[in-house]
Structure formats: structure tokens, C-alpha cells
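Visitor: Next up, entry05.pdb (PDB, C-alpha atoms).
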```pdb
ATOM      1  CA  MET A  16     -38.894   7.230 -39.499
ATOM      2  CA  THR A  17     -42.111   8.875 -40.539
ATOM      3  CA  PRO A  18     -44.555   6.500 -42.249
ATOM      4  CA  ASN A  19     -45.294   7.353 -45.881
ATOM      5  CA  SER A  20     -48.951   8.100 -45.171
ATOM      6  CA  ALA A  21     -48.319  10.955 -42.696
ATOM      7  CA  PRO A  22     -46.783  14.213 -43.942
ATOM      8  CA  SER A  23     -43.307  14.897 -42.573
ATOM      9  CA  VAL A  24     -42.560  17.977 -40.497
ATOM     10  CA  PHE A  25     -40.830  19.422 -43.543
ATOM     11  CA  GLU A  26     -43.914  18.952 -45.697
ATOM     12  CA  GLU A  27     -46.232  20.341 -43.030
ATOM     13  CA  LEU A  28     -44.129  23.462 -42.623
ATOM     14  CA  LYS A  29     -43.512  23.857 -46.346
ATOM     15  CA  GLU A  30     -47.248  23.875 -46.938
ATOM     16  CA  SER A  31     -47.905  26.615 -44.385
ATOM     17  CA  PHE A  32     -44.771  28.724 -44.671
ATOM     18  CA  GLY A  33     -43.552  28.213 -48.222
ATOM     19  CA  ASP A  34     -40.329  30.091 -48.891
ATOM     20  CA  ALA A  35     -39.517  30.556 -45.195
ATOM     21  CA  VAL A  36     -38.616  26.865 -45.171
ATOM     22  CA  VAL A  37     -35.226  26.946 -46.854
ATOM     23  CA  GLY A  38     -34.295  23.297 -46.852
ATOM     24  CA  ARG A  39     -33.741  20.130 -44.884
ATOM     25  CA  GLU A  40     -30.781  18.186 -43.582
ATOM     26  CA  LEU A  41     -30.587  14.496 -42.915
ATOM     27  CA  GLN A  42     -28.335  13.783 -39.949
ATOM     28  CA  THR A  43     -28.038  10.555 -37.968
ATOM     29  CA  GLY A  44     -31.225   9.211 -39.534
ATOM     30  CA  ARG A  45     -33.317  12.231 -38.558
ATOM     31  CA  GLU A  46     -34.478  15.145 -40.608
ATOM     32  CA  ALA A  47     -33.842  18.747 -39.589
ATOM     33  CA  VAL A  48     -35.997  21.442 -41.154
ATOM     34  CA  LEU A  49     -34.117  24.642 -41.970
ATOM     35  CA  LEU A  50     -36.084  27.824 -41.386
ATOM     36  CA  ARG A  51     -35.513  31.516 -41.917
ATOM     37  CA  PRO A  52     -35.102  33.118 -38.472
ATOM     38  CA  GLU A  53     -37.982  35.554 -38.977
ATOM     39  CA  ALA A  54     -40.420  32.652 -39.534
ATOM     40  CA  LEU A  55     -39.328  30.720 -36.456
ATOM     41  CA  ALA A  56     -41.867  32.029 -33.943
ATOM     42  CA  LYS A  57     -44.843  31.393 -36.213
ATOM     43  CA  ALA A  58     -43.567  27.990 -37.277
ATOM     44  CA  ALA A  59     -43.028  26.929 -33.666
ATOM     45  CA  ALA A  60     -46.530  28.086 -32.762
ATOM     46  CA  HIS A  61     -47.859  26.141 -35.739
ATOM     47  CA  LEU A  62     -46.050  23.005 -34.633
ATOM     48  CA  LYS A  63     -47.303  23.453 -31.089
ATOM     49  CA  GLY A  64     -50.822  23.545 -32.536
ATOM     50  CA  LEU A  65     -50.077  20.240 -34.280
ATOM     51  CA  GLY A  66     -49.278  18.629 -30.947
ATOM     52  CA  TYR A  67     -45.537  19.270 -30.582
ATOM     53  CA  ASP A  68     -46.051  20.675 -27.104
ATOM     54  CA  PHE A  69     -42.680  20.120 -25.442
ATOM     55  CA  LEU A  70     -39.402  21.869 -26.282
ATOM     56  CA  THR A  71     -36.983  19.152 -25.213
ATOM     57  CA  ASP A  72     -33.801  20.937 -26.220
ATOM     58  CA  LEU A  73     -32.402  24.117 -27.665
ATOM     59  CA  GLY A  74     -28.767  24.271 -28.592
ATOM     60  CA  GLY A  75     -26.308  26.453 -30.416
ATOM     61  CA  ALA A  76     -23.495  25.556 -32.765
ATOM     62  CA  ASP A  77     -20.829  27.376 -34.720
ATOM     63  CA  TYR A  78     -20.271  25.769 -38.127
ATOM     64  CA  THR A  79     -17.325  27.996 -39.093
ATOM     65  CA  GLY A  80     -14.926  25.773 -40.995
ATOM     66  CA  TYR A  81     -17.222  22.761 -40.801
ATOM     67  CA  PRO A  82     -16.609  20.499 -43.817
ATOM     68  CA  GLY A  83     -19.197  21.095 -46.522
ATOM     69  CA  HIS A  84     -21.017  23.862 -44.679
ATOM     70  CA  GLN A  85     -22.429  26.718 -46.775
ATOM     71  CA  GLY A  86     -24.036  29.972 -45.680
ATOM     72  CA  PRO A  87     -24.204  31.678 -42.287
ATOM     73  CA  PRO A  88     -22.185  29.789 -39.664
ATOM     74  CA  LEU A  89     -24.084  30.189 -36.391
ATOM     75  CA  CYS A  90     -26.890  27.731 -35.807
ATOM     76  CA  VAL A  91     -29.674  27.415 -33.259
ATOM     77  CA  SER A  92     -31.287  24.023 -33.143
ATOM     78  CA  TYR A  93     -34.680  23.208 -31.606
ATOM     79  CA  GLN A  94     -35.944  19.775 -30.625
ATOM     80  CA  LEU A  95     -39.693  19.480 -30.197
ATOM     81  CA  PHE A  96     -41.628  16.510 -28.892
ATOM     82  CA  GLY A  97     -45.351  15.707 -28.919
ATOM     83  CA  SER A  98     -46.277  14.284 -25.556
ATOM     84  CA  THR A  99     -49.472  12.700 -26.904
ATOM     85  CA  THR A 100     -48.442  12.028 -30.517
ATOM     86  CA  ARG A 101     -44.982  10.782 -29.416
ATOM     87  CA  LYS A 102     -43.454  12.373 -32.509
ATOM     88  CA  ARG A 103     -40.427  14.597 -32.712
ATOM     89  CA  ALA A 104     -39.578  17.633 -34.810
ATOM     90  CA  TRP A 105     -36.171  19.187 -35.365
ATOM     91  CA  ILE A 106     -35.858  22.812 -36.459
ATOM     92  CA  LYS A 107     -32.643  24.610 -37.336
ATOM     93  CA  VAL A 108     -31.998  28.271 -38.090
ATOM     94  CA  TYR A 109     -28.700  29.590 -39.406
ATOM     95  CA  LEU A 110     -27.538  33.063 -38.391
ATOM     96  CA  PRO A 111     -24.685  35.377 -39.349
ATOM     97  CA  MET A 112     -21.761  35.861 -36.933
ATOM     98  CA  ASP A 113     -22.329  39.593 -36.507
ATOM     99  CA  ALA A 114     -25.639  40.479 -34.874
ATOM    100  CA  PRO A 115     -27.288  37.042 -34.896
ATOM    101  CA  ARG A 116     -30.948  37.602 -34.034
ATOM    102  CA  VAL A 117     -33.759  35.121 -33.638
ATOM    103  CA  PRO A 118     -37.203  35.466 -32.005
ATOM    104  CA  SER A 119     -37.487  34.123 -28.476
ATOM    105  CA  LEU A 120     -39.758  31.155 -27.851
ATOM    106  CA  CYS A 121     -40.248  32.002 -24.166
ATOM    107  CA  GLY A 122     -43.873  32.968 -24.690
ATOM    108  CA  LEU A 123     -44.557  29.636 -26.353
ATOM    109  CA  PHE A 124     -42.452  27.284 -24.227
ATOM    110  CA  ALA A 125     -41.573  28.481 -20.721
ATOM    111  CA  CYS A 126     -38.550  26.178 -20.606
ATOM    112  CA  ALA A 127     -36.952  28.125 -23.461
ATOM    113  CA  ASN A 128     -35.987  30.837 -20.955
ATOM    114  CA  TRP A 129     -32.818  29.270 -19.561
ATOM    115  CA  TYR A 130     -31.942  27.470 -22.822
ATOM    116  CA  GLU A 131     -31.917  30.790 -24.610
ATOM    117  CA  ARG A 132     -29.908  32.444 -21.868
ATOM    118  CA  GLU A 133     -27.316  29.669 -22.101
ATOM    119  CA  CYS A 134     -27.182  29.980 -25.874
ATOM    120  CA  TYR A 135     -26.803  33.759 -25.576
ATOM    121  CA  ASP A 136     -24.080  33.296 -22.975
ATOM    122  CA  LEU A 137     -21.953  30.874 -24.974
ATOM    123  CA  PHE A 138     -22.726  31.846 -28.588
ATOM    124  CA  GLY A 139     -23.938  35.444 -28.376
ATOM    125  CA  VAL A 140     -27.243  34.825 -30.100
ATOM    126  CA  GLU A 141     -29.743  37.609 -29.344
ATOM    127  CA  PHE A 142     -33.183  36.176 -28.616
ATOM    128  CA  GLU A 143     -35.578  39.011 -29.390
ATOM    129  CA  GLY A 144     -38.409  39.311 -26.910
ATOM    130  CA  HIS A 145     -36.703  37.315 -24.177
ATOM    131  CA  PRO A 146     -37.815  38.667 -20.772
ATOM    132  CA  HIS A 147     -34.404  38.482 -19.074
ATOM    133  CA  LEU A 148     -31.598  37.894 -21.534
ATOM    134  CA  LYS A 149     -28.416  37.855 -19.454
ATOM    135  CA  ARG A 150     -25.613  35.362 -18.942
ATOM    136  CA  LEU A 151     -26.651  32.092 -17.329
ATOM    137  CA  LEU A 152     -23.395  30.183 -16.735
ATOM    138  CA  LEU A 153     -20.557  32.667 -17.003
ATOM    139  CA  TYR A 154     -20.022  35.799 -14.950
ATOM    140  CA  GLU A 155     -21.148  39.282 -15.908
ATOM    141  CA  GLU A 156     -17.570  40.492 -16.396
ATOM    142  CA  PHE A 157     -16.834  37.921 -19.102
ATOM    143  CA  GLN A 158     -16.074  39.449 -22.506
ATOM    144  CA  GLY A 159     -17.166  37.562 -25.606
ATOM    145  CA  HIS A 160     -18.840  34.230 -26.158
ATOM    146  CA  PRO A 161     -16.500  31.298 -25.607
ATOM    147  CA  LEU A 162     -18.067  28.548 -27.716
ATOM    148  CA  ARG A 163     -17.743  30.589 -30.895
ATOM    149  CA  LYS A 164     -14.939  29.368 -33.096
ATOM    150  CA  ASP A 165     -13.333  32.838 -33.129
ATOM    151  CA  TYR A 166     -12.895  32.832 -29.330
ATOM    152  CA  PRO A 167      -9.241  31.958 -28.535
ATOM    153  CA  ILE A 168      -9.356  28.411 -27.227
ATOM    154  CA  LEU A 169      -7.050  28.968 -24.235
ATOM    155  CA  LYS A 170      -8.137  32.492 -23.323
ATOM    156  CA  SER A 171      -9.404  32.745 -19.757
ATOM    157  CA  GLN A 172     -10.659  35.825 -17.943
ATOM    158  CA  PRO A 173      -9.807  35.526 -14.235
ATOM    159  CA  LEU A 174     -11.809  37.653 -11.822
ATOM    160  CA  ILE A 175      -9.025  37.910  -9.259
ATOM    161  CA  PRO A 176      -5.250  38.183  -9.768
ATOM    162  CA  MET A 177      -3.634  34.792 -10.057
ATOM    163  CA  ARG A 178      -0.572  33.953  -7.993
ATOM    164  CA  ASP A 179       2.535  32.233  -9.298
ATOM    165  CA  PRO A 180       2.504  28.655  -7.989
ATOM    166  CA  THR A 181       6.146  28.178  -9.000
ATOM    167  CA  ASP A 182       7.436  30.879  -6.630
ATOM    168  CA  TYR A 183       9.115  28.245  -4.473
ATOM    169  CA  GLU A 184      11.056  30.716  -2.307
ATOM    170  CA  ALA A 185       7.849  32.367  -1.117
ATOM    171  CA  GLU A 186       6.364  28.926  -0.590
ATOM    172  CA  LEU A 187       9.231  27.867   1.674
ATOM    173  CA  VAL A 188       8.881  31.037   3.734
ATOM    174  CA  ARG A 189       5.186  30.347   4.112
ATOM    175  CA  ARG A 190       5.821  26.789   5.258
ATOM    176  CA  ARG A 191       8.245  28.027   7.887
ATOM    177  CA  GLY A 192       5.393  30.049   9.351
ATOM    178  CA  GLY A 193       6.374  33.331   7.726
ATOM    179  CA  ARG A 194       9.992  33.227   8.927
ATOM    180  CA  ALA A 195      12.511  33.994   6.187
TER     181      ALA A 195
ATOM    182  CA  MET B 197      16.238   6.221  33.280
ATOM    183  CA  PRO B 198      16.637   3.829  36.228
ATOM    184  CA  GLY B 199      16.022   5.351  39.625
ATOM    185  CA  ASP B 200      14.279   8.376  38.111
ATOM    186  CA  PRO B 201      11.214   8.994  40.306
ATOM    187  CA  LEU B 202       9.395  10.827  37.515
ATOM    188  CA  GLY B 203      10.315   8.408  34.693
ATOM    189  CA  GLU B 204       6.917   6.818  34.468
ATOM    190  CA  VAL B 205       4.811   9.975  34.529
ATOM    191  CA  VAL B 206       6.846  12.733  32.880
ATOM    192  CA  VAL B 207       7.637  12.960  29.185
ATOM    193  CA  THR B 208      10.031  15.627  28.007
ATOM    194  CA  THR B 209       9.682  17.148  24.541
ATOM    195  CA  LYS B 210      10.065  20.401  22.681
ATOM    196  CA  LEU B 211       7.253  22.929  22.517
ATOM    197  CA  ASP B 212       7.216  22.821  18.711
ATOM    198  CA  ARG B 213       6.888  19.033  18.743
ATOM    199  CA  LEU B 214       4.122  19.106  21.334
ATOM    200  CA  VAL B 215       2.102  21.767  19.525
ATOM    201  CA  GLY B 216       2.614  19.929  16.264
ATOM    202  CA  TRP B 217       1.380  16.706  17.853
ATOM    203  CA  VAL B 218      -1.744  18.456  19.099
ATOM    204  CA  ARG B 219      -2.404  20.187  15.819
ATOM    205  CA  LYS B 220      -1.960  17.177  13.592
ATOM    206  CA  TYR B 221      -4.548  15.158  15.517
ATOM    207  CA  SER B 222      -7.163  17.895  15.665
ATOM    208  CA  LEU B 223      -7.521  18.891  12.039
ATOM    209  CA  PHE B 224     -10.918  20.427  11.431
ATOM    210  CA  GLN B 225     -11.632  20.522   7.748
ATOM    211  CA  TYR B 226     -13.770  22.769   5.637
ATOM    212  CA  PRO B 227     -15.004  20.764   2.636
ATOM    213  CA  PHE B 228     -15.152  23.022  -0.417
ATOM    214  CA  VAL B 229     -16.923  20.530  -2.641
ATOM    215  CA  THR B 230     -17.749  21.585  -6.194
ATOM    216  CA  ALA B 231     -17.832  18.523  -8.419
ATOM    217  CA  CYS B 232     -17.980  14.762  -8.812
ATOM    218  CA  CYS B 233     -14.999  14.206  -6.488
ATOM    219  CA  GLY B 234     -17.477  15.079  -3.751
ATOM    220  CA  MET B 235     -18.952  11.580  -4.028
ATOM    221  CA  GLU B 236     -15.524  10.091  -3.475
ATOM    222  CA  PHE B 237     -14.926  12.525  -0.657
ATOM    223  CA  MET B 238     -18.137  11.412   1.062
ATOM    224  CA  ALA B 239     -17.019   7.800   0.736
ATOM    225  CA  VAL B 240     -13.654   8.517   2.323
ATOM    226  CA  SER B 241     -15.182  10.628   5.103
ATOM    227  CA  ALA B 242     -17.892   8.123   5.948
ATOM    228  CA  SER B 243     -17.561   5.131   8.219
ATOM    229  CA  HIS B 244     -16.010   2.700   5.757
ATOM    230  CA  TYR B 245     -12.716   4.592   5.440
ATOM    231  CA  ASP B 246     -13.368   7.154   8.162
ATOM    232  CA  THR B 247     -10.742   9.885   7.977
ATOM    233  CA  ASP B 248     -11.741  11.100  11.423
ATOM    234  CA  ARG B 249     -10.254   8.029  13.096
ATOM    235  CA  LEU B 250      -6.887   9.562  12.158
ATOM    236  CA  GLY B 251      -7.921  12.777  13.853
ATOM    237  CA  ALA B 252      -7.551  14.251  10.427
ATOM    238  CA  ALA B 253     -10.801  15.326   8.973
ATOM    239  CA  PHE B 254     -13.682  16.386  11.128
ATOM    240  CA  PRO B 255     -15.915  18.520   8.895
ATOM    241  CA  ARG B 256     -16.825  22.008  10.050
ATOM    242  CA  PHE B 257     -19.090  24.027   7.826
ATOM    243  CA  SER B 258     -17.689  27.387   8.796
ATOM    244  CA  PRO B 259     -14.253  28.441   7.589
ATOM    245  CA  ARG B 260     -13.678  30.253  10.896
ATOM    246  CA  GLN B 261     -13.760  26.937  12.746
ATOM    247  CA  ALA B 262     -11.629  25.052  10.239
ATOM    248  CA  ASP B 263      -7.905  24.728   9.758
ATOM    249  CA  LEU B 264      -7.820  22.338   6.814
ATOM    250  CA  LEU B 265      -9.356  23.466   3.535
ATOM    251  CA  MET B 266     -10.245  20.483   1.358
ATOM    252  CA  VAL B 267     -10.825  21.709  -2.194
ATOM    253  CA  VAL B 268     -12.744  18.873  -3.789
ATOM    254  CA  GLY B 269     -13.536  19.275  -7.467
ATOM    255  CA  THR B 270     -13.197  21.642 -10.386
ATOM    256  CA  ILE B 271     -12.765  25.329  -9.584
ATOM    257  CA  THR B 272     -13.978  27.733 -12.250
ATOM    258  CA  HIS B 273     -12.932  31.330 -12.662
ATOM    259  CA  LYS B 274     -16.424  32.259 -11.481
ATOM    260  CA  GLN B 275     -15.822  30.275  -8.298
ATOM    261  CA  ALA B 276     -12.248  31.437  -7.657
ATOM    262  CA  PRO B 277     -13.090  34.647  -5.700
ATOM    263  CA  ILE B 278     -15.321  32.573  -3.386
ATOM    264  CA  LEU B 279     -12.544  30.058  -2.747
ATOM    265  CA  LYS B 280     -10.082  32.882  -2.032
ATOM    266  CA  ARG B 281     -12.519  34.459   0.389
ATOM    267  CA  VAL B 282     -13.095  31.200   2.244
ATOM    268  CA  TYR B 283      -9.321  30.734   2.511
ATOM    269  CA  ASP B 284      -8.882  34.286   3.805
ATOM    270  CA  GLN B 285     -11.584  33.728   6.416
ATOM    271  CA  MET B 286      -9.743  30.771   7.941
ATOM    272  CA  CYS B 287      -7.530  31.430  10.961
ATOM    273  CA  GLU B 288      -3.831  30.605  10.975
ATOM    274  CA  PRO B 289      -2.442  28.011  11.104
ATOM    275  CA  LYS B 290      -4.205  26.591   8.070
ATOM    276  CA  TRP B 291      -3.501  23.994   5.446
ATOM    277  CA  VAL B 292      -4.936  23.334   2.013
ATOM    278  CA  VAL B 293      -5.446  20.006   0.276
ATOM    279  CA  ALA B 294      -6.200  19.870  -3.459
ATOM    280  CA  PHE B 295      -8.395  16.802  -3.800
ATOM    281  CA  GLY B 296      -8.427  15.277  -7.281
ATOM    282  CA  VAL B 297      -6.810  16.247 -10.525
ATOM    283  CA  CYS B 298      -9.082  19.216 -11.286
ATOM    284  CA  ALA B 299      -8.207  21.020  -8.082
ATOM    285  CA  THR B 300      -4.561  20.037  -8.558
ATOM    286  CA  SER B 301      -4.021  21.232 -12.121
ATOM    287  CA  GLY B 302      -7.351  21.815 -13.824
ATOM    288  CA  GLY B 303      -7.212  18.215 -15.010
ATOM    289  CA  PHE B 304      -8.425  17.649 -18.521
ATOM    290  CA  TYR B 305     -10.123  21.040 -18.568
ATOM    291  CA  GLN B 306      -7.948  23.550 -20.356
ATOM    292  CA  ASN B 307     -10.388  26.199 -21.452
ATOM    293  CA  TYR B 308     -12.061  29.558 -20.833
ATOM    294  CA  GLY B 309     -13.772  28.546 -17.624
ATOM    295  CA  THR B 310     -11.511  26.421 -15.450
ATOM    296  CA  VAL B 311      -8.777  27.531 -13.067
ATOM    297  CA  PRO B 312      -5.590  25.627 -14.014
ATOM    298  CA  GLY B 313      -4.990  24.333 -10.502
ATOM    299  CA  ILE B 314      -6.061  26.048  -7.280
ATOM    300  CA  ASP B 315      -2.432  26.862  -6.485
ATOM    301  CA  THR B 316      -2.880  29.809  -8.859
ATOM    302  CA  ILE B 317      -5.400  31.170  -6.326
ATOM    303  CA  ILE B 318      -4.256  30.003  -2.878
ATOM    304  CA  PRO B 319      -1.176  28.136  -1.602
ATOM    305  CA  VAL B 320      -1.576  24.360  -1.497
ATOM    306  CA  ASP B 321       0.095  21.972   0.949
ATOM    307  CA  MET B 322      -0.914  18.609  -0.417
ATOM    308  CA  TYR B 323      -1.963  17.505  -3.883
ATOM    309  CA  ILE B 324      -3.999  14.335  -4.313
ATOM    310  CA  PRO B 325      -3.956  13.109  -7.927
ATOM    311  CA  GLY B 326      -6.590  10.883  -9.464
ATOM    312  CA  CYS B 327      -9.893  11.280 -11.242
ATOM    313  CA  PRO B 328     -11.240  10.626  -8.684
ATOM    314  CA  PRO B 329      -8.532   9.626  -6.178
ATOM    315  CA  ARG B 330      -8.693   6.271  -4.477
ATOM    316  CA  PRO B 331      -9.624   6.506  -0.785
ATOM    317  CA  GLU B 332      -6.216   5.030   0.051
ATOM    318  CA  THR B 333      -4.568   7.930  -1.779
ATOM    319  CA  VAL B 334      -6.550  10.401   0.296
ATOM    320  CA  LEU B 335      -5.654   8.655   3.541
ATOM    321  CA  ASP B 336      -2.008   8.598   2.475
ATOM    322  CA  ALA B 337      -2.119  12.320   1.740
ATOM    323  CA  LEU B 338      -3.691  13.088   5.108
ATOM    324  CA  LEU B 339      -1.048  11.026   6.909
ATOM    325  CA  LYS B 340       1.679  12.860   4.992
ATOM    326  CA  LEU B 341       0.062  16.175   5.853
ATOM    327  CA  GLN B 342       0.007  15.182   9.527
ATOM    328  CA  GLU B 343       3.671  14.310   9.289
ATOM    329  CA  ARG B 344       4.411  17.723   7.822
ATOM    330  CA  ILE B 345       2.376  19.486  10.508
ATOM    331  CA  GLN B 346       4.228  17.528  13.182
ATOM    332  CA  ASN B 347       7.592  18.579  11.812
ATOM    333  CA  GLN B 348       6.966  22.171  10.846
ATOM    334  CA  PRO B 349       7.914  25.097  13.067
ATOM    335  CA  GLN B 350       4.876  26.162  15.102
ATOM    336  CA  ALA B 351       4.315  29.905  15.390
ATOM    337  CA  VAL B 352       3.305  29.935  19.057
ATOM    338  CA  ARG B 353       5.901  32.197  20.653
TER     339      ARG B 353
END
```
What would you get if you wrote out this structure as C-alpha cells?

Guide:
Amino acid sequence: MTPNSAPSVFEELKESFGDAVVGRELQTGREAVLLRPEALAKAAAHLKGLGYDFLTDLGGADYTGYPGHQGPPLCVSYQLFGSTTRKRAWIKVYLPMDAPRVPSLCGLFACANWYERECYDLFGVEFEGHPHLKRLLLYEEFQGHPLRKDYPILKSQPLIPMRDPTDYEAELVRRRGGRA
Amino acid sequence: MPGDPLGEVVVTTKLDRLVGWVRKYSLFQYPFVTACCGMEFMAVSASHYDTDRLGAAFPRFSPRQADLLMVVGTITHKQAPILKRVYDQMCEPKWVVAFGVCATSGGFYQNYGTVPGIDTIIPVDMYIPGCPPRPETVLDALLKLQERIQNQPQAVR
């Protein structure tokens, strides 16, 4: 935990960005600072100036139906680490389901490139200013974003026609070397 | 047969049996390794268990030289066209082994990305359950596959 003498990440950001810092969440003993999406790029640059020079993780989440959750459901979560200060910062932005947009951090942290592509792939978050925002894990033909709660949980999108493995007659013919 | 001058040097058999005997001891496999089962596959192929001593698993890294396709690991829908193409590139006769529970049925993955068993893509001759399978299970499956190859009709005429 942060010692009382040093200002917390929340306090540091609140001082510089005021209303763009919309709140904080305490989860698993750590504090997440909630930001408005439009303030994210400047806040991240500010934190980088304070020594948080390493984006260790960027992840998405869909809080639709999450107990106690209020407001927009999609979330992008940033974990920053100071390689010399050895301190961590946790930033969260909440986005609406339709047209979720957040500024890209690629210019600030080069490693954000693939994180943001993955998050776009699975959650459909548009990272504005990303140099190459296309799917990272799934194939181009895939429709939708499968880690969103509104994606049907068992829906798959095969690229080639699937055969019927229970067609035992055809299987027997095949095992006889094609002889009926 | 007593008094048979050729008894010691001539063995009579059927062509199907002979071809089956040859084929079952010269299985060249193509390892299609996609996931963690690959570690287990390396263990069973290497000298400790050594599938090749059964004449049953000499790895070839070209599908055109292989007649046994070992599908080792999870197959995703993104990967499925590649697997189908590799299978199509193999010459007849060919056999397919689904190694591990993911290749067999999709395993515990039941979602947007995973093929629910490779038999929805290509025909499978032998399923090896387990996550990952024990080496003994793999050896047992290969012996059973050899038995099937021995006994199946051989399309040689």
C-alpha cells in the first residue's frame, strides 16, 4: 500500500485532471483510478512523466450484469509499472457497448500495439490513433467480438464446412478402402 | 509339413495380409502439433518410450511422405482449414490419430474458437483420450492401429 506521506495515483491524477478523474475502486487490496476515456492519453503521458514507464498489461472486460455495477459496461484496464520507482498504477476506463472509443497508447508505450489489437478483437473496443487496428487472434472472417456478454456463448464460425462424425455408414465404407 | 522341400524357406499368405504387415510396420507420421500435448508427444516419441521401435511412428515433416497424421493438441476454427489441407495432401492409404482430449472432442473447450473434435473436419481412425494421455495409452493406440491396418482390406489390386 502507498505510504501516507506520498500522494496516491488517484490524488496525483485528481490534482492535474480534476473532473476527468471520475472515481476510484478498491479491488483485491489495490486501487484502480477511473478516468473519462477522452482524458486517458494525457493522463497516461502524465504518469509516464512521473516514472510509470512500463505498460505491463492492458485488458478488456464486459461488466454487463455484474453485481453492483453501474454505468457503461465495457471496461479497458491499464496496469502501469515504474521500473525505477517500483510503483504500480492501475487505470480503468468504462465505455458504452455501442461505439466504444478510447485513445490508443501506442505512441506512448510501443507494447500497447498488440494489447490493443487483442482487446479490439475480443471486445470490439476502437482504439483511436492505433497504426494497425485489425484482429490479432481470430480470423478476418469472424463476425462480432466473442468475449462480449451479448455474444452467444456456444456460437462458432467455422471457415470450412464441417462433416458429420456420426455418419457411421460412410465411415465403414471408408475403412473398407472405398468399397461399399 | 514333413517332407516338404520348401517348408523351411517358403511362407504362404494372402496378398492383403502381406501388404497389411508391411504397411503396419512402416508407418511414417506427420506430427500436427498445436498445443501442450506436444510435450507429451515428444516424450513418447523420444528414446524412453520410443514409438519407432514398433515401426509405428517415424516423423516426416512433409505430409506427402507421411501416412499417419498425428493431430496433437487443440484445433481452432482458424487452424481447421490448414489441418484439412495437410490431410488432403497426404497420399492414400492414410490414417489419422487424434492425440489427447482436445483433438478427440474439443475437451473442456466449448466456445467460439475451438473445433469440437477433429472428426468434424477429417475422418479419424484412433482416438487417444487423456489430458494429456499417458505414454502407455499412446503406445496402446498405436498397437491397436497396427492391428487394424493388418486386418483391413488393402486397395492394391

Visitor: With a cut-off of 7 Å and counting all atoms listed in the file, select all residues of chain B in contact with chain A and give the selection as a list in words.

Guide: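 Interface list for chain B against chain A: His273, Lys274, Pro277, Gln306, Asn307, Tyr308, Gly309, Asp315, Thr316, Ile317, Gln348, Pro349, Gln350 and Ala351 of chain B.
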
Visitor: Write out as a PyMOL selection string the residues lying within 10 Å of Val267 in chain B, counting only C-alpha atoms and excluding same-chain residues fewer than 5 positions away.

Guide: chain B and resi 226-231+233-234+279+292-296+298-300+314+320+323

Visitor: Which is closer to His61 in chain A than all the others in A:Glu184, A:Asp113, A:Glu131, A:Glu27, using all atoms listed in the file?

Guide: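 Closest to His61 in chain A of all the choices is A:Glu27.
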
Visitor: Which of these residues is nearest to Gln342 in chain B, using all atoms listed in the file: B:Ser241, B:Gly216, B:Val311, B:Gly203?

Guide: B:Gly216

Visitor: Can you measure CA of Ala276 in chain B to CA of Gly302 in chain B for me? One decimal in Å is fine.

Guide: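 Atom-to-atom, CA of Ala276 in chain B and CA of Gly302 in chain B are spaced 12.4 Å apart.
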
Visitor: Quick check, in Å to one decimal: how far apart do CA of Pro111 in chain A and CA of Gly38 in chain A lie?

Guide: 17.2 Å

Visitor: Any idea what the distance is between CA of Arg260 in chain B and CA of Arg281 in chain B?

Guide: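 Taking CA of Arg260 in chain B and CA of Arg281 in chain B, their separation equals 11.4 Å.
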
Visitor: If we count all atoms listed in the file and set the cut-off at 6 Å, which residues sit around Gly97 in chain A, ignoring sequence neighbours fewer than 6 positions away in its own chain? Please answer as an NGL selection string.

Guide: :A and (66-68)

Visitor: For this file, the PyMOL selection byres ((chain A and resi 116) around 6) selects which residues, as a ChimeraX atom specification?

Guide: /A:115,117,141

Visitor: For those residues, write C-alpha atoms to a file as an mmCIF file, in the coordinates of the input.

Guide:
```
data_model
loop_
_atom_site.group_PDB
_atom_site.id
_atom_site.type_symbol
_atom_site.label_atom_id
_atom_site.label_comp_id
_atom_site.auth_asym_id
_atom_site.auth_seq_id
_atom_site.Cartn_x
_atom_site.Cartn_y
_atom_site.Cartn_z
ATOM 1 C CA PRO A 115 -27.288 37.042 -34.896
ATOM 2 C CA VAL A 117 -33.759 35.121 -33.638
ATOM 3 C CA GLU A 141 -29.743 37.609 -29.344
#
```

Visitor: When you look at Val218 in chain B with a cut-off of 10 Å (counting all atoms listed in the file), what residues show up, excluding the ones that are within fewer than 5 positions of it in the same chain? I need them as a PyMOL selection string.

Guide: chain B and resi 212-213+223+251+345-346

Visitor: When you count only C-alpha atoms, which of these residues is closest to Leu335 in chain B: B:Gln285, B:Thr247, B:Thr270, B:Thr310?

Guide: B:Thr247

Visitor: I'd like to know which of A:Phe69, A:Ala59, A:Arg163, A:Val108 is closest to Ala125 in chain A, using all atoms listed in the file.

Guide: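 Going through A:Phe69, A:Ala59, A:Arg163, A:Val108 one by one, the smallest distance to Ala125 in chain A is for A:Phe69.
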
Visitor: For Ala262 in chain B, please output as a compact mmCIF listing (two decimals) with C-alpha atoms, in the coordinates of the input all residues within 6 Å (counting all atoms listed in the file; exclusion window: fewer than 3 positions along the same chain).

Guide:
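Writing done, so here's result-v4.txt:
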```txt
# COMPACT_ATOMS: atom_id res chain seq x y z
CA PHE B 224 -10.92 20.43 11.43
CA GLN B 225 -11.63 20.52 7.75
CA TYR B 226 -13.77 22.77 5.64
CA PRO B 259 -14.25 28.44 7.59
```

Visitor: For the structure shown, which residues end up in the PyMOL selection byres ((chain A and resi 121) around 10)? Put them as a tab-separated table (two decimals) with C-alpha atoms, keeping the file's coordinate frame, please?

Guide:
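Listed below is the output, part_29.tsv:
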```
chain	number	residue	atom	x	y	z
A	56	ALA	CA	-41.87	32.03	-33.94
A	118	PRO	CA	-37.20	35.47	-32.01
A	119	SER	CA	-37.49	34.12	-28.48
A	120	LEU	CA	-39.76	31.16	-27.85
A	122	GLY	CA	-43.87	32.97	-24.69
A	123	LEU	CA	-44.56	29.64	-26.35
A	124	PHE	CA	-42.45	27.28	-24.23
A	125	ALA	CA	-41.57	28.48	-20.72
A	126	CYS	CA	-38.55	26.18	-20.61
A	127	ALA	CA	-36.95	28.12	-23.46
A	128	ASN	CA	-35.99	30.84	-20.96
A	129	TRP	CA	-32.82	29.27	-19.56
A	130	TYR	CA	-31.94	27.47	-22.82
A	131	GLU	CA	-31.92	30.79	-24.61
A	142	PHE	CA	-33.18	36.18	-28.62
A	143	GLU	CA	-35.58	39.01	-29.39
A	144	GLY	CA	-38.41	39.31	-26.91
A	145	HIS	CA	-36.70	37.32	-24.18
A	146	PRO	CA	-37.82	38.67	-20.77
```

Visitor: Will you give me range 342-347 of chain B, written with N, CA and C atoms and laid out as a compact mmCIF listing (two decimals), in the first residue's frame?

Guide:
```txt
# COMPACT_ATOMS: atom_id res chain seq x y z
N GLN B 342 -2.13 -50.53 -35.60
CA GLN B 342 -1.39 -51.50 -36.41
C GLN B 342 -2.23 -52.75 -36.65
N GLU B 343 -2.94 -53.15 -35.60
CA GLU B 343 -3.80 -54.33 -35.73
C GLU B 343 -4.89 -54.08 -36.78
N ARG B 344 -5.45 -52.87 -36.73
CA ARG B 344 -6.49 -52.54 -37.71
C ARG B 344 -5.92 -52.51 -39.13
N ILE B 345 -4.72 -51.93 -39.27
CA ILE B 345 -4.11 -51.85 -40.60
C ILE B 345 -3.83 -53.26 -41.13
N GLN B 346 -3.37 -54.13 -40.22
CA GLN B 346 -3.09 -55.51 -40.62
C GLN B 346 -4.36 -56.19 -41.17
N ASN B 347 -5.48 -55.90 -40.53
CA ASN B 347 -6.69 -56.65 -40.85
C ASN B 347 -7.57 -56.00 -41.88
```
